[in-house]
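Peer 1: Take this structure, written in structure tokens, and hold onto it; I'll ask about it next.
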Amino acid sequence: MDHIHVIGGGLAGLTAAITAAESGARVTLHEGHRTLGGRARTADGPYRANEGPHALYRRGPHWTWLARRGLLGAVASVPPLEGLRFRFRRAGAARRTPPVALLRLARRAPRTAPVDGAFLEWAAGQVGEEGARAAANFAATALFHHDPGALSARFVQERLHRLASFPPEAHYPVGGWAPLVERMAGHARGLGVGIETAARVDTRALGELARTGPVVVATSLDSARALLDDASLTWESGRTVLLDLAVRTRRGDAFVVSDLDAPGWLERFTAQDPGLAPAGEQLLQGQFPIGPDARRAEGSARAEELLDLGFPGWRERTTWRVEALADGRTGAVDRPGTTWRDRPSVVRGDGIFLAGDQVAAPGLLSEVSFTSGLEAALLAVKAAGQRSGTGARDRG
């Protein structure tokens with residue numbers, strides 16, 4: 001069988017490399033950075049922050065795949081008492097419960113929402129405009145988009161339904177996402193995958209790799225567009241201010257503050273994993289979507305409004321603060337009339353396959369990277385077998 005090359009060492013690339021190796025292929029993974037993980041990297045201590053709020057969703061395919069291989073590791077769920085510290089900003093004030101209309105809407109099956117209509121218009125017809133706007137802003141937690149109500153009703157409802165499920169689907173890898181990435185990388189090496197870091201692949205090098213076998217490009221869509229010189233590789237994503245903040249511990253701090261007046265989310269991640277910050281401190285992470293022409297300061301100001309509501313005296317208690325602007329790096333969003341099937345295809349021709357979070361694959365957040373990585377690898381294995389005239393064995 002031909003050699004399979006995977007470009008990119010994030011979740012999509014690691015999934016693709018493992019899947020191809022389990023199918024009997026000879027695999028090399030090329031990562032341009034010195035460390036693996038992509039947007040699933042975790043900062044070195046003492047504050048173990050991810051690039052934006054991260055969670056694994058228990059009912060998703062990625063969870064099952066990891067668990068079957070013993071790669072899931074220790075995960076933390078939301079402590080029951082912390083659920084009592086959930087706060088919602090409504091009409092500028094912190095409240096303990098969301099609108100009943102939001103809860104009613106979240107129970108509706110995603111298939112009842114139209115693909116062709118905008119979420120806000122459809123939801124307003126179900127529960128009224130006020131409840132529809134609150135639901136749209138709540139769903140932004142899994143969208144990283146400044147105007148969720150303008151997106152496809154089916155797309156948003158799929159995410160709202162899972163976000164509001166009870167018990168909560170969201171779980172958190174203990175120690176951040178870096179240990180999960182390390183387990184996946186170790187498993188890949190155990191299967192014989194060659195992993196090369198600080199190994200950036202340009203267009204010329206890609207051509208050389210493709211002569212030895214299929215290639216899975218598991219990078220951001222922007223990077224893939226440049227690498228493959230393919231202007232068609234575009235899809236809408238979000239533009240979001242990411243906030244990491246450490247504060248000295250204080251009794252009574254909120255666990256989550258969800259903004260229902262505008263898209264925004266702030267979460268105290270040390271509530272479920274105290275080791276993410278030094279003793280006596282709490283690590284908060286949040287995301288605040290802003291429009292294409294808005295300045296970063298707009299998202300920062302909204303973040304501070306939520307901090308004022310959920311974390312009194314936070315300014316005097318702050319020990320560490322980092323902000324970033326994620327532009328086009330927060331996964332695909334689908335406009336009315338489109339679904340995941342309309343995104344850039346995994347199959348690019350000439351033995352090239354695409355994986356990542358803006359590719360034509362289903363799932364919630366990182367599940368898109370996983371699903372596309374899995375499909376790209378299986379197609380690459382098939383193509384390699386056809387090129388060499390041999391079949392691949394399936395080892396799991």
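In the structure tokens, the first chain shown is A, the next is B, and so on; residue numbers restart at 1 for each chain, and ligands run from 1 in the order shown.
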Give me the residues within 6 Å of range 128-144 of chain A as a list in words, counting only C-alpha atoms and dropping any in the same chain fewer than 6 places off.
Peer 2: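 Close residues of range 128-144 of chain A: Ala101, Leu102, Leu120, Leu160, Gly238, Leu260, Ala262, Pro263 and Pro289 of chain A.
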Peer 1: So that I have them on file, write out the residues from the current selection with C-alpha atoms, as an mmCIF file, in the first residue's frame.
Peer 2:
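And here's selection-v3.cif as it stands now:
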data_model
loop_
_atom_site.group_PDB
_atom_site.id
_atom_site.type_symbol
_atom_site.label_atom_id
_atom_site.label_comp_id
_atom_site.auth_asym_id
_atom_site.auth_seq_id
_atom_site.Cartn_x
_atom_site.Cartn_y
_atom_site.Cartn_z
ATOM 1 C CA ALA A 101 -39.765 30.202 26.223
ATOM 2 C CA LEU A 102 -36.100 29.309 25.743
ATOM 3 C CA LEU A 120 -34.987 33.987 14.595
ATOM 4 C CA LEU A 160 -29.535 24.617 20.991
ATOM 5 C CA GLY A 238 -17.294 33.507 13.325
ATOM 6 C CA LEU A 260 -29.160 36.417 26.626
ATOM 7 C CA ALA A 262 -26.296 39.516 23.120
ATOM 8 C CA PRO A 263 -24.120 36.531 22.171
ATOM 9 C CA PRO A 289 -18.732 37.222 19.154
#
Peer 1: List as an MDAnalysis selection string the protein and nucleic acid residues near range 280-282 of chain A, meaning an atom at most 12 Å away when only C-alpha atoms are counted, but skip any in the same chain fewer than 6 places from it.
Peer 2: chainID A and resid 46:49 244:251 253:255 267:274 311 314 317:321
Peer 1: Could you write out, as a ChimeraX atom specification, all the residues of range 289-354 of chain A that DSSP marks as helix (DSSP H, G or I)?
Peer 2: /A:296-310,314-317,340-342
Peer 1: Considering only C-alpha atoms, return as a VMD selection string whatever protein or nucleic-acid residues lie within 8 Å of Val217 in chain A, sequence-local ones (same chain, fewer than 4 positions apart) excluded.
Peer 2: chain A and resid 6 to 8 13 224 352 to 355
Peer 1: Write out, as a PDB file, in the first residue's frame, the residues just selected, with N, CA and C atoms.
Peer 2:
ATOM      1  N   VAL A   6      -0.424  12.964   6.289  1.00  0.00           N
ATOM      2  CA  VAL A   6      -1.423  13.835   6.920  1.00  0.00           C
ATOM      3  C   VAL A   6      -0.730  15.150   7.253  1.00  0.00           C
ATOM      4  N   ILE A   7      -1.293  16.246   6.767  1.00  0.00           N
ATOM      5  CA  ILE A   7      -0.715  17.568   7.017  1.00  0.00           C
ATOM      6  C   ILE A   7      -1.580  18.278   8.051  1.00  0.00           C
ATOM      7  N   GLY A   8      -1.023  18.493   9.225  1.00  0.00           N
ATOM      8  CA  GLY A   8      -1.757  19.131  10.311  1.00  0.00           C
ATOM      9  C   GLY A   8      -1.924  18.191  11.482  1.00  0.00           C
ATOM     10  N   GLY A  13      -6.263  16.035  12.134  1.00  0.00           N
ATOM     11  CA  GLY A  13      -5.099  15.323  11.636  1.00  0.00           C
ATOM     12  C   GLY A  13      -4.767  14.093  12.451  1.00  0.00           C
ATOM     13  N   ALA A 224      -5.515  25.618   3.986  1.00  0.00           N
ATOM     14  CA  ALA A 224      -5.752  24.659   2.903  1.00  0.00           C
ATOM     15  C   ALA A 224      -5.949  25.373   1.565  1.00  0.00           C
ATOM     16  N   ILE A 352      -6.026  13.895  -3.040  1.00  0.00           N
ATOM     17  CA  ILE A 352      -5.995  14.870  -1.954  1.00  0.00           C
ATOM     18  C   ILE A 352      -7.347  14.860  -1.235  1.00  0.00           C
ATOM     19  N   PHE A 353      -7.312  14.817   0.096  1.00  0.00           N
ATOM     20  CA  PHE A 353      -8.530  14.807   0.899  1.00  0.00           C
ATOM     21  C   PHE A 353      -8.415  15.895   1.976  1.00  0.00           C
ATOM     22  N   LEU A 354      -9.566  16.443   2.360  1.00  0.00           N
ATOM     23  CA  LEU A 354      -9.603  17.604   3.236  1.00  0.00           C
ATOM     24  C   LEU A 354     -10.294  17.254   4.552  1.00  0.00           C
ATOM     25  N   ALA A 355      -9.771  17.767   5.655  1.00  0.00           N
ATOM     26  CA  ALA A 355     -10.390  17.582   6.973  1.00  0.00           C
ATOM     27  C   ALA A 355     -10.258  18.872   7.761  1.00  0.00           C
TER      28      ALA A 355
END
Peer 1: Which one is closest to Ala164 in chain A: A:Val181, A:Leu103, A:Ala218, A:Leu11? Count only C-alpha atoms.
Peer 2: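 Nearest candidate to Ala164 in chain A out of A:Val181, A:Leu103, A:Ala218, A:Leu11: A:Leu103.
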Peer 1: Per DSSP on the backbone, what are the strand (DSSP E) residues of range 8-196 of chain A, as a list in words?
Peer 2: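 The residues of range 8-196 of chain A classed as strand (DSSP E) are Arg26, Val27, Thr28, Leu29, His30, Leu56, Tyr57, Val75, Ala76, Phe86, Arg87, Phe88, Arg89, Arg90, Ala93, Ala94, Arg95, Ala170, His171, Tyr172, Pro173, Gly194, Ile195 and Glu196 of chain A.
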